[in-house]
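Dropping structure.cif in here (mmCIF, C-alpha atoms):
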data_structure
loop_
_atom_site.label_atom_id
_atom_site.label_comp_id
_atom_site.auth_asym_id
_atom_site.auth_seq_id
_atom_site.Cartn_x
_atom_site.Cartn_y
_atom_site.Cartn_z
CA MET A 197 -97.47 157.55 11.86
CA ALA A 198 -94.27 156.41 8.28
CA GLN A 199 -90.82 154.41 6.35
CA ALA A 200 -85.94 154.88 4.64
CA LYS A 201 -82.99 157.22 3.58
CA GLU A 202 -81.77 159.10 0.57
CA PRO A 203 -78.89 157.30 -1.17
CA GLU A 204 -75.44 158.75 -0.89
CA ASN A 205 -75.23 158.92 -4.68
CA ALA A 206 -77.44 158.03 -7.60
CA SER A 207 -75.65 154.77 -8.39
CA ASP A 208 -76.32 153.45 -4.88
CA LEU A 209 -80.11 153.67 -5.03
CA CYS A 210 -80.49 149.91 -4.93
CA ASN A 211 -79.13 149.34 -1.44
CA SER A 212 -81.07 152.02 0.34
CA VAL A 213 -84.38 153.37 -0.79
CA THR A 214 -85.26 152.45 -4.37
CA ASP A 215 -87.08 149.23 -3.52
CA LEU A 216 -89.23 151.06 -0.98
CA LEU A 217 -89.97 153.99 -3.25
CA LEU A 218 -90.87 151.88 -6.28
CA THR A 219 -93.05 149.64 -4.16
CA ASP A 220 -95.55 152.35 -3.36
CA SER A 221 -95.37 154.16 -6.69
CA LEU A 222 -95.95 150.87 -8.46
CA SER A 223 -98.79 149.73 -6.27
CA SER A 224 -100.66 152.98 -6.66
CA GLU A 225 -100.07 153.71 -10.34
CA SER A 226 -99.09 150.72 -12.44
CA PRO A 227 -102.15 149.47 -14.38
CA ALA A 228 -100.91 146.01 -15.31
CA GLN A 229 -100.28 143.04 -13.07
CA ILE A 230 -100.20 139.28 -13.48
CA LYS A 231 -100.89 136.86 -10.64
CA GLU A 232 -98.83 133.69 -10.71
CA GLN A 233 -98.55 130.51 -8.64
CA THR A 234 -94.86 130.01 -9.42
CA ALA A 235 -91.82 132.18 -8.76
CA ARG A 236 -90.27 134.40 -11.41
CA ILE A 237 -87.80 132.61 -13.70
CA LEU A 238 -84.37 134.24 -13.59
CA THR A 239 -82.13 134.91 -16.55
CA GLN A 240 -78.73 133.24 -16.66
CA GLU A 241 -77.10 136.56 -15.80
CA GLU A 242 -79.35 137.01 -12.76
CA LEU A 243 -78.65 133.45 -11.58
CA GLU A 244 -74.91 134.03 -11.83
CA LYS A 245 -75.15 137.24 -9.84
CA LEU A 246 -77.08 135.57 -7.02
CA ASN A 247 -74.67 132.63 -6.96
CA ARG A 248 -71.66 134.97 -6.77
CA ASP A 249 -73.03 136.86 -3.79
CA GLU A 250 -72.66 134.23 -1.07
CA THR A 251 -70.59 136.22 1.47
CA LEU A 252 -72.68 137.11 4.50
CA VAL A 253 -72.44 140.21 6.67
CA SER A 254 -70.43 139.38 9.81
CA GLN A 255 -72.26 138.04 12.83
CA PHE A 256 -71.09 141.04 14.87
CA LYS A 257 -72.64 143.49 12.41
CA GLN A 258 -75.82 141.41 12.15
CA GLN A 259 -76.25 141.54 15.92
CA LYS A 260 -75.67 145.29 15.84
CA LEU A 261 -78.31 145.71 13.12
CA GLU A 262 -80.83 143.74 15.17
CA LYS A 263 -80.07 145.76 18.31
CA GLU A 264 -80.39 149.06 16.42
CA ALA A 265 -83.36 148.15 14.24
CA GLN A 266 -85.75 150.54 15.94
CA LYS A 267 -83.19 153.37 15.91
CA ASN A 268 -82.62 152.89 12.16
CA TRP A 269 -86.34 153.15 11.39
CA ASP A 270 -86.67 156.16 13.66
CA LEU A 271 -83.84 157.87 11.77
CA PHE A 272 -85.58 157.03 8.53
CA TYR A 273 -88.69 158.88 9.67
CA LYS A 274 -86.65 161.75 11.02
CA ARG A 275 -85.15 162.25 7.55
CA ASN A 276 -88.27 161.69 5.49
CA THR A 277 -91.09 162.73 7.87
CA THR A 278 -94.45 162.12 6.15
CA LYS A 279 -93.28 162.89 2.62
CA PHE A 280 -91.71 159.63 1.46
CA PHE A 281 -94.57 157.31 0.52
CA LYS A 282 -97.69 158.06 -1.44
CA ASP A 283 -101.04 157.38 0.18
CA ARG A 284 -102.22 153.84 -0.59
CA HIS A 285 -105.53 154.40 -2.31
CA TRP A 286 -105.17 150.96 -3.93
CA THR A 287 -105.87 148.83 -0.83
CA THR A 288 -109.64 148.57 -1.25
CA ARG A 289 -109.15 147.64 -4.91
CA GLU A 290 -106.67 144.87 -4.11
CA PHE A 291 -108.41 143.65 -0.95
CA GLU A 292 -112.19 143.60 -1.28
CA GLU A 293 -112.42 142.21 2.27
CA LEU A 294 -112.03 145.77 3.53
CA LYS A 295 -115.60 146.25 2.36
CA ALA A 296 -117.08 142.83 1.66
CA CYS A 297 -116.57 141.17 5.05
CA ARG A 298 -119.42 143.13 6.68
CA LYS A 299 -122.69 141.28 7.22
CA PHE A 300 -124.64 144.53 6.66
CA GLU A 301 -123.64 147.88 5.16
CA ALA A 302 -123.72 149.92 8.37
CA GLN A 303 -121.65 147.41 10.35
CA LYS A 304 -118.54 148.96 11.86
CA LEU A 305 -115.34 147.28 10.69
CA VAL A 306 -112.52 146.99 13.22
CA LEU A 307 -109.13 147.07 11.50
CA LEU A 308 -105.58 146.67 12.74
CA GLU A 309 -102.83 148.04 10.57
CA ALA A 310 -99.70 146.33 11.84
CA GLY A 311 -96.79 148.52 10.76
CA CYS A 312 -98.76 151.67 9.99
CA GLY A 313 -95.83 154.00 9.32
CA VAL A 314 -97.17 157.56 9.05
CA GLY A 315 -100.64 156.40 8.04
CA ASN A 316 -100.43 156.18 4.25
CA CYS A 317 -102.89 153.29 4.32
CA ILE A 318 -105.25 154.13 7.18
CA PHE A 319 -106.01 157.79 6.44
CA PRO A 320 -107.35 157.07 2.92
CA LEU A 321 -109.50 154.32 4.47
CA LEU A 322 -110.82 156.66 7.17
CA GLU A 323 -111.67 159.23 4.49
CA GLU A 324 -113.73 156.87 2.35
CA ASP A 325 -115.34 154.67 5.02
CA ASP A 326 -117.32 156.20 7.89
CA ASN A 327 -117.98 152.81 9.49
CA ILE A 328 -114.44 151.82 10.35
CA PHE A 329 -112.34 151.93 13.49
CA VAL A 330 -108.60 151.51 13.08
CA TYR A 331 -105.93 150.35 15.50
CA ALA A 332 -102.59 151.42 14.05
CA CYS A 333 -99.19 150.46 15.42
CA ASP A 334 -95.61 150.87 14.30
CA PHE A 335 -92.15 149.82 15.49
CA SER A 336 -90.95 153.44 15.26
CA PRO A 337 -92.11 155.82 18.01
CA ARG A 338 -91.39 158.77 15.71
CA ALA A 339 -93.67 157.37 12.99
CA VAL A 340 -96.78 157.28 15.20
CA GLU A 341 -96.09 160.74 16.65
CA PHE A 342 -96.58 162.61 13.35
CA GLU A 343 -99.81 164.62 13.33
CA ASN A 344 -102.51 164.31 10.69
CA PRO A 345 -105.76 166.32 10.59
CA LEU A 346 -107.69 163.12 9.82
CA TYR A 347 -106.63 161.52 13.09
CA CYS A 348 -109.61 161.27 15.44
CA PRO A 349 -109.46 159.29 18.73
CA GLU A 350 -113.08 158.22 18.23
CA ARG A 351 -112.12 156.47 14.98
CA CYS A 352 -108.45 155.58 15.37
CA LYS A 353 -105.98 154.53 18.04
CA ALA A 354 -102.27 154.76 17.17
CA PHE A 355 -99.53 153.37 19.36
CA GLN A 356 -95.91 152.22 19.25
CA CYS A 357 -95.41 148.47 19.30
CA ASP A 358 -92.69 145.92 18.63
CA LEU A 359 -94.81 143.12 17.19
CA THR A 360 -92.19 140.53 18.15
CA ASN A 361 -92.02 141.58 21.80
CA ASP A 362 -94.87 143.84 22.96
CA ASP A 363 -98.24 142.20 23.64
CA LEU A 364 -100.92 143.68 21.37
CA GLN A 365 -103.51 142.76 24.01
CA ASP A 366 -102.19 145.65 26.10
CA SER A 367 -103.79 148.01 23.56
CA ILE A 368 -106.41 145.90 21.75
CA PRO A 369 -109.06 143.58 23.26
CA VAL A 370 -108.58 139.89 22.54
CA ASP A 371 -110.57 138.48 19.56
CA SER A 372 -111.84 141.94 18.58
CA VAL A 373 -110.31 142.73 15.16
CA ASP A 374 -112.12 141.90 11.91
CA VAL A 375 -109.25 142.54 9.48
CA VAL A 376 -105.49 142.96 9.86
CA THR A 377 -103.39 144.58 7.15
CA LEU A 378 -99.75 143.49 7.04
CA ILE A 379 -98.38 145.41 4.07
CA PHE A 380 -94.60 145.60 3.49
CA VAL A 381 -93.99 145.00 7.19
CA LEU A 382 -93.06 141.37 7.83
CA SER A 383 -90.08 141.66 5.45
CA ALA A 384 -88.47 144.21 7.80
CA ILE A 385 -88.48 141.74 10.72
CA HIS A 386 -85.68 139.24 11.28
CA PRO A 387 -86.79 135.83 9.90
CA ASP A 388 -86.19 134.20 13.29
CA LYS A 389 -88.80 136.49 14.85
CA MET A 390 -91.50 136.59 12.17
CA HIS A 391 -93.52 133.84 13.84
CA LEU A 392 -93.69 135.91 17.03
CA ALA A 393 -95.35 138.79 15.18
CA LEU A 394 -97.90 136.45 13.58
CA LYS A 395 -98.79 134.80 16.89
CA ASN A 396 -99.17 138.23 18.51
CA ILE A 397 -101.60 139.33 15.79
CA TYR A 398 -103.50 136.05 16.08
CA LYS A 399 -104.49 136.85 19.68
CA VAL A 400 -106.43 140.03 18.82
CA LEU A 401 -107.95 138.79 15.54
CA LYS A 402 -111.54 137.53 15.77
CA PRO A 403 -112.24 133.88 14.94
CA GLY A 404 -112.99 134.02 11.22
CA GLY A 405 -111.01 137.26 10.92
CA ILE A 406 -108.74 137.91 7.95
CA VAL A 407 -105.11 138.97 7.53
CA LEU A 408 -104.40 140.82 4.27
CA PHE A 409 -100.74 140.44 3.38
CA ARG A 410 -98.57 142.05 0.71
CA ASP A 411 -94.78 142.12 0.67
CA TYR A 412 -91.63 141.56 -1.38
CA GLY A 413 -91.62 138.33 -3.39
CA LEU A 414 -88.71 136.08 -4.23
CA TYR A 415 -86.50 137.44 -7.06
CA ASP A 416 -88.03 140.89 -7.00
CA HIS A 417 -85.86 143.44 -8.82
CA ALA A 418 -84.86 145.03 -5.51
CA MET A 419 -83.39 141.71 -4.35
CA LEU A 420 -81.26 141.38 -7.46
CA ARG A 421 -79.87 144.91 -7.15
CA PHE A 422 -78.26 144.51 -3.73
CA LYS A 423 -74.51 144.81 -3.93
CA SER A 424 -71.98 142.38 -2.50
CA GLY A 425 -71.69 142.76 1.26
CA SER A 426 -75.43 143.32 1.80
CA LYS A 427 -76.53 139.73 2.35
CA LEU A 428 -77.58 138.71 5.87
CA GLY A 429 -78.94 135.26 5.08
CA GLU A 430 -81.04 133.38 2.57
CA ASN A 431 -83.23 135.99 0.79
CA PHE A 432 -82.42 138.52 3.55
CA TYR A 433 -80.51 141.77 2.93
CA VAL A 434 -79.55 145.07 4.56
CA ARG A 435 -79.89 148.50 2.94
CA GLN A 436 -77.33 151.27 3.34
CA ASP A 437 -79.41 152.94 6.04
CA GLY A 438 -79.41 149.81 8.22
CA THR A 439 -83.03 148.81 7.53
CA ARG A 440 -83.47 145.25 6.33
CA SER A 441 -85.60 143.43 3.80
CA PHE A 442 -86.63 139.80 3.33
CA PHE A 443 -87.96 138.38 0.04
CA PHE A 444 -90.66 135.72 0.45
CA SER A 445 -91.41 132.54 -1.42
CA LYS A 446 -95.05 131.53 -1.24
CA GLU A 447 -94.04 128.22 0.34
CA LEU A 448 -92.20 129.89 3.21
CA LEU A 449 -95.02 132.35 3.82
CA ALA A 450 -97.60 129.57 3.94
CA GLU A 451 -95.41 127.67 6.39
CA LEU A 452 -95.05 130.73 8.64
CA PHE A 453 -98.77 131.44 8.80
CA THR A 454 -100.00 127.85 9.13
CA GLY A 455 -97.40 127.33 11.86
CA ALA A 456 -98.99 130.22 13.76
CA GLY A 457 -102.49 128.71 13.40
CA TYR A 458 -103.87 130.49 10.32
CA GLN A 459 -105.62 129.00 7.30
CA SER A 460 -104.35 130.07 3.88
CA LEU A 461 -107.07 131.34 1.54
CA VAL A 462 -105.02 133.02 -1.20
CA ASN A 463 -101.25 132.97 -1.67
CA GLU A 464 -99.87 134.12 -5.02
CA TYR A 465 -97.12 136.12 -6.67
CA VAL A 466 -98.00 139.45 -8.25
CA MET A 467 -95.76 140.21 -11.23
CA ARG A 468 -95.61 143.79 -12.49
CA GLU A 469 -93.29 146.22 -14.17
CA THR A 470 -92.23 149.56 -12.77
CA VAL A 471 -91.59 152.22 -15.36
CA ASN A 472 -89.34 155.16 -14.50
CA ARG A 473 -89.74 157.44 -17.49
CA LYS A 474 -87.25 159.97 -16.16
CA GLU A 475 -84.48 157.37 -15.93
CA GLY A 476 -85.68 155.35 -18.93
CA LEU A 477 -85.99 152.19 -16.83
CA CYS A 478 -88.49 149.35 -16.88
CA VAL A 479 -87.87 146.78 -14.15
CA PRO A 480 -89.69 143.60 -13.07
CA ARG A 481 -91.27 143.68 -9.63
CA VAL A 482 -92.43 140.63 -7.72
CA PHE A 483 -94.70 140.87 -4.70
CA LEU A 484 -96.44 138.20 -2.67
CA GLN A 485 -100.12 138.85 -1.99
CA SER A 486 -101.98 136.61 0.42
CA LYS A 487 -105.14 136.29 2.48
CA LEU A 488 -105.07 134.28 5.68
CA ARG A 489 -107.87 133.42 8.07
CA LYS A 490 -108.09 132.67 11.77
CA PRO A 491 -110.23 129.51 12.12
CA ASP A 492 -113.65 129.83 13.77
#

Would you mind writing the file's structure down as structure tokens?
Amino acid sequence: MAQAKEPENASDLCNSVTDLLLTDSLSSESPAQIKEQTARILTQEELEKLNRDETLVSQFKQQKLEKEAQKNWDLFYKRNTTKFFKDRHWTTREFEELKACRKFEAQKLVLLEAGCGVGNCIFPLLEEDDNIFVYACDFSPRAVEFENPLYCPERCKAFQCDLTNDDLQDSIPVDSVDVVTLIFVLSAIHPDKMHLALKNIYKVLKPGGIVLFRDYGLYDHAMLRFKSGSKLGENFYVRQDGTRSFFFSKELLAELFTGAGYQSLVNEYVMRETVNRKEGLCVPRVFLQSKLRKPD
């Protein structure tokens, strides 16, 4: 089960893989974070850069990127196999619902990881929690085909799925999932189709079930580093490898989820700094972390 490509040269890190790489290294290692209700305030220089970059990728190329989205993610996994991202041991620290939502300690938790990649989130969870069953799906067939010694059919079911098109009910019983993790996944979907993914997830989530969301926030450093010619639309960009990334405002995310029937419990920006000691860099990162609930 995995996620992007090596840059053609060091100066082009921003448009291909840096934002993905720093995301996981930051989330697993950085000790300091600040949660905010308002978006990051840009410097004058950053505002001018965003205002200059108004030329959009041609409609022809945008259609080609949409048509080849699955192929581009498959190529990403072909290049990087299971070695790109670090395991996400931070999920239970950030989302206490992975433990606290049980009514009693021995209760089995049913989890769906939507966009599981090569399993960097689910395998640490399976290791530390004996009372969990995980459904894990990914857009890339190659990602879910990678083998892992922790994979056990009695505790995990992995399958390929396009969340915007394939019905999750073909693989998961309706109203059966306690918790869904949607971590750095929705941003890779075209904005016009995001609501389809959320409605699909809604069908298999139990009434009262929770969606745990984390993704790129508005004005994250990765957004500001995209070069001219990478913009697909408002807050939507393409990397050099053809994979795409959207940067969320909390208002838009709330609108997406409430429009699909969810209740918003928590919706806030997470501000942190990524330190690259080797390169001597310290850059501001902005993520959006949210908890949504399916009404009883």

Residue contacts of range 393-405 of chain A (6 Å, all atoms listed in the file) excluding same-chain residues fewer than 6 positions away, as a PDB file with C-alpha atoms, in the coordinates of the input:
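In the end it all went to result.pdb:
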ATOM      1  CA  LEU A 359     -94.810 143.120  17.190  1.00  0.00           C
ATOM      2  CA  THR A 360     -92.190 140.530  18.150  1.00  0.00           C
ATOM      3  CA  VAL A 370    -108.580 139.890  22.540  1.00  0.00           C
ATOM      4  CA  ASP A 371    -110.570 138.480  19.560  1.00  0.00           C
ATOM      5  CA  SER A 372    -111.840 141.940  18.580  1.00  0.00           C
ATOM      6  CA  VAL A 373    -110.310 142.730  15.160  1.00  0.00           C
ATOM      7  CA  ASP A 374    -112.120 141.900  11.910  1.00  0.00           C
ATOM      8  CA  VAL A 375    -109.250 142.540   9.480  1.00  0.00           C
ATOM      9  CA  ALA A 456     -98.990 130.220  13.760  1.00  0.00           C
ATOM     10  CA  ARG A 489    -107.870 133.420   8.070  1.00  0.00           C
ATOM     11  CA  LYS A 490    -108.090 132.670  11.770  1.00  0.00           C
ATOM     12  CA  PRO A 491    -110.230 129.510  12.120  1.00  0.00           C
ATOM     13  CA  ASP A 492    -113.650 129.830  13.770  1.00  0.00           C
TER      14      ASP A 492
END

Could you tell me how far CA of Glu451 in chain A sits from CA of Asn247 in chain A, in Å to one decimal place?
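CA of Glu451 in chain A lies 25.2 Å from CA of Asn247 in chain A.
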
Enter the distance from CA of Leu246 in chain A to CA of Asn268 in chain A, in Å, rounded to one decimal.
26.4 Å

Take CA of Ala354 in chain A and CA of Ile368 in chain A and report the distance between them in Å, one decimal.
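These atoms are spaced 10.8 Å apart.
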
Hits from the PyMOL selection byres ((chain A and resi 476-484) around 7), listed as a list in words
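On the file shown, the PyMOL selection byres ((chain A and resi 476-484) around 7) covers Arg410, Asp411, Tyr412, Gly413, Leu414, Tyr415, Asp416, His417, Lys446, Glu464, Tyr465, Val466, Met467, Arg468, Glu469, Thr470, Val471, Asn472, Arg473, Lys474, Glu475, Gln485 and Ser486 of chain A.
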
Using the selection just defined, write its residues with C-alpha atoms as an mmCIF file, keeping the file's coordinate frame.
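Result saved to result.cif:
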data_model
loop_
_atom_site.group_PDB
_atom_site.id
_atom_site.type_symbol
_atom_site.label_atom_id
_atom_site.label_comp_id
_atom_site.auth_asym_id
_atom_site.auth_seq_id
_atom_site.Cartn_x
_atom_site.Cartn_y
_atom_site.Cartn_z
ATOM 1 C CA ARG A 410 -98.570 142.050 0.710
ATOM 2 C CA ASP A 411 -94.780 142.120 0.670
ATOM 3 C CA TYR A 412 -91.630 141.560 -1.380
ATOM 4 C CA GLY A 413 -91.620 138.330 -3.390
ATOM 5 C CA LEU A 414 -88.710 136.080 -4.230
ATOM 6 C CA TYR A 415 -86.500 137.440 -7.060
ATOM 7 C CA ASP A 416 -88.030 140.890 -7.000
ATOM 8 C CA HIS A 417 -85.860 143.440 -8.820
ATOM 9 C CA LYS A 446 -95.050 131.530 -1.240
ATOM 10 C CA GLU A 464 -99.870 134.120 -5.020
ATOM 11 C CA TYR A 465 -97.120 136.120 -6.670
ATOM 12 C CA VAL A 466 -98.000 139.450 -8.250
ATOM 13 C CA MET A 467 -95.760 140.210 -11.230
ATOM 14 C CA ARG A 468 -95.610 143.790 -12.490
ATOM 15 C CA GLU A 469 -93.290 146.220 -14.170
ATOM 16 C CA THR A 470 -92.230 149.560 -12.770
ATOM 17 C CA VAL A 471 -91.590 152.220 -15.360
ATOM 18 C CA ASN A 472 -89.340 155.160 -14.500
ATOM 19 C CA ARG A 473 -89.740 157.440 -17.490
ATOM 20 C CA LYS A 474 -87.250 159.970 -16.160
ATOM 21 C CA GLU A 475 -84.480 157.370 -15.930
ATOM 22 C CA GLN A 485 -100.120 138.850 -1.990
ATOM 23 C CA SER A 486 -101.980 136.610 0.420
#

My list of candidates is A:Glu309, A:Asp325, A:Glu447, A:Asp388. Which is closest to Lys353 in chain A when distances are computed with only C-alpha atoms?
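Smallest distance to Lys353 in chain A is found for A:Glu309.
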
Counting all atoms listed in the file, which residue out of A:Gly311, A:Leu488, A:Arg275, A:Met419 sits closest to Phe453 in chain A?
A:Leu488

If you apply the PyMOL selection byres ((chain A and resi 487) around 7) to this file, what residues do you get, as a ChimeraX atom specification?
/A:406-409,460-463,486,488-489

List the neighbours of Lys267 in chain A out to 12 Å using all atoms listed in the file; skip same-chain residues closer than 4 positions along the sequence, and give me the result as a PyMOL selection string.
chain A and resi 200+260-263+271-274+335-339+437-439

For the file shown, what are the residues hit by the PyMOL selection byres ((chain A and resi 322) around 12), laid out as JSON, numbers by chain?
{"A": [284, 285, 288, 294, 304, 305, 306, 307, 315, 316, 317, 318, 319, 320, 321, 323, 324, 325, 326, 327, 328, 329, 330, 331, 332, 344, 345, 346, 347, 348, 349, 350, 351, 352]}

Between A:Leu238, A:Ala384, A:Leu378, A:Leu448, which has the minimum distance to Phe432 in chain A (counting all atoms listed in the file)?
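Going through A:Leu238, A:Ala384, A:Leu378, A:Leu448 one by one, the smallest distance to Phe432 in chain A is for A:Ala384.
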
If I only want range 338-355 of chain A, can you write it with N, CA, C and O atoms, as a compact mmCIF listing (two decimals), in the first residue's frame?
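Saved as out-v2.txt:
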# COMPACT_ATOMS: atom_id res chain seq x y z
N ARG A 338 -0.83 -0.03 -7.67
CA ARG A 338 0.51 -0.43 -7.27
C ARG A 338 0.73 -0.24 -5.77
O ARG A 338 1.39 -1.05 -5.11
N ALA A 339 0.17 0.83 -5.20
CA ALA A 339 0.37 1.12 -3.79
C ALA A 339 -0.16 0.00 -2.91
O ALA A 339 0.50 -0.42 -1.95
N VAL A 340 -1.35 -0.51 -3.21
CA VAL A 340 -1.95 -1.53 -2.35
C VAL A 340 -1.39 -2.93 -2.61
O VAL A 340 -1.69 -3.87 -1.87
N GLU A 341 -0.59 -3.08 -3.65
CA GLU A 341 -0.01 -4.39 -3.97
C GLU A 341 1.30 -4.65 -3.23
O GLU A 341 1.77 -5.80 -3.18
N PHE A 342 1.93 -3.61 -2.65
CA PHE A 342 3.18 -3.84 -1.94
C PHE A 342 2.94 -4.73 -0.72
O PHE A 342 1.95 -4.57 0.00
N GLU A 343 3.85 -5.66 -0.47
CA GLU A 343 3.71 -6.59 0.64
C GLU A 343 4.31 -6.01 1.91
O GLU A 343 5.27 -5.25 1.88
N ASN A 344 3.71 -6.38 3.04
CA ASN A 344 4.20 -5.99 4.35
C ASN A 344 3.95 -7.15 5.29
O ASN A 344 2.84 -7.71 5.31
N PRO A 345 4.94 -7.55 6.08
CA PRO A 345 4.76 -8.71 6.98
C PRO A 345 3.67 -8.51 8.03
O PRO A 345 3.17 -9.49 8.60
N LEU A 346 3.28 -7.26 8.28
CA LEU A 346 2.23 -6.99 9.27
C LEU A 346 0.83 -7.15 8.68
O LEU A 346 -0.15 -7.13 9.42
N TYR A 347 0.76 -7.32 7.36
CA TYR A 347 -0.57 -7.44 6.74
C TYR A 347 -1.16 -8.81 7.07
O TYR A 347 -0.55 -9.85 6.84
N CYS A 348 -2.35 -8.79 7.62
CA CYS A 348 -3.05 -10.02 8.01
C CYS A 348 -4.51 -9.89 7.61
O CYS A 348 -5.20 -8.96 8.06
N PRO A 349 -5.02 -10.76 6.75
CA PRO A 349 -6.41 -10.64 6.27
C PRO A 349 -7.45 -10.65 7.40
O PRO A 349 -8.56 -10.14 7.21
N GLU A 350 -7.09 -11.24 8.55
CA GLU A 350 -8.04 -11.25 9.67
C GLU A 350 -8.14 -9.88 10.34
O GLU A 350 -9.09 -9.62 11.07
N ARG A 351 -7.15 -9.00 10.07
CA ARG A 351 -7.13 -7.69 10.73
C ARG A 351 -7.16 -6.51 9.76
O ARG A 351 -7.27 -5.37 10.18
N CYS A 352 -7.03 -6.80 8.48
CA CYS A 352 -6.91 -5.71 7.51
C CYS A 352 -7.39 -6.16 6.14
O CYS A 352 -7.15 -7.30 5.74
N LYS A 353 -8.08 -5.28 5.45
CA LYS A 353 -8.50 -5.54 4.08
C LYS A 353 -8.09 -4.35 3.22
O LYS A 353 -8.59 -3.25 3.41
N ALA A 354 -7.17 -4.58 2.29
CA ALA A 354 -6.68 -3.51 1.41
C ALA A 354 -7.23 -3.71 0.01
O ALA A 354 -7.30 -4.84 -0.49
N PHE A 355 -7.61 -2.60 -0.62
CA PHE A 355 -8.17 -2.69 -1.97
C PHE A 355 -7.98 -1.38 -2.71
O PHE A 355 -7.86 -0.32 -2.10
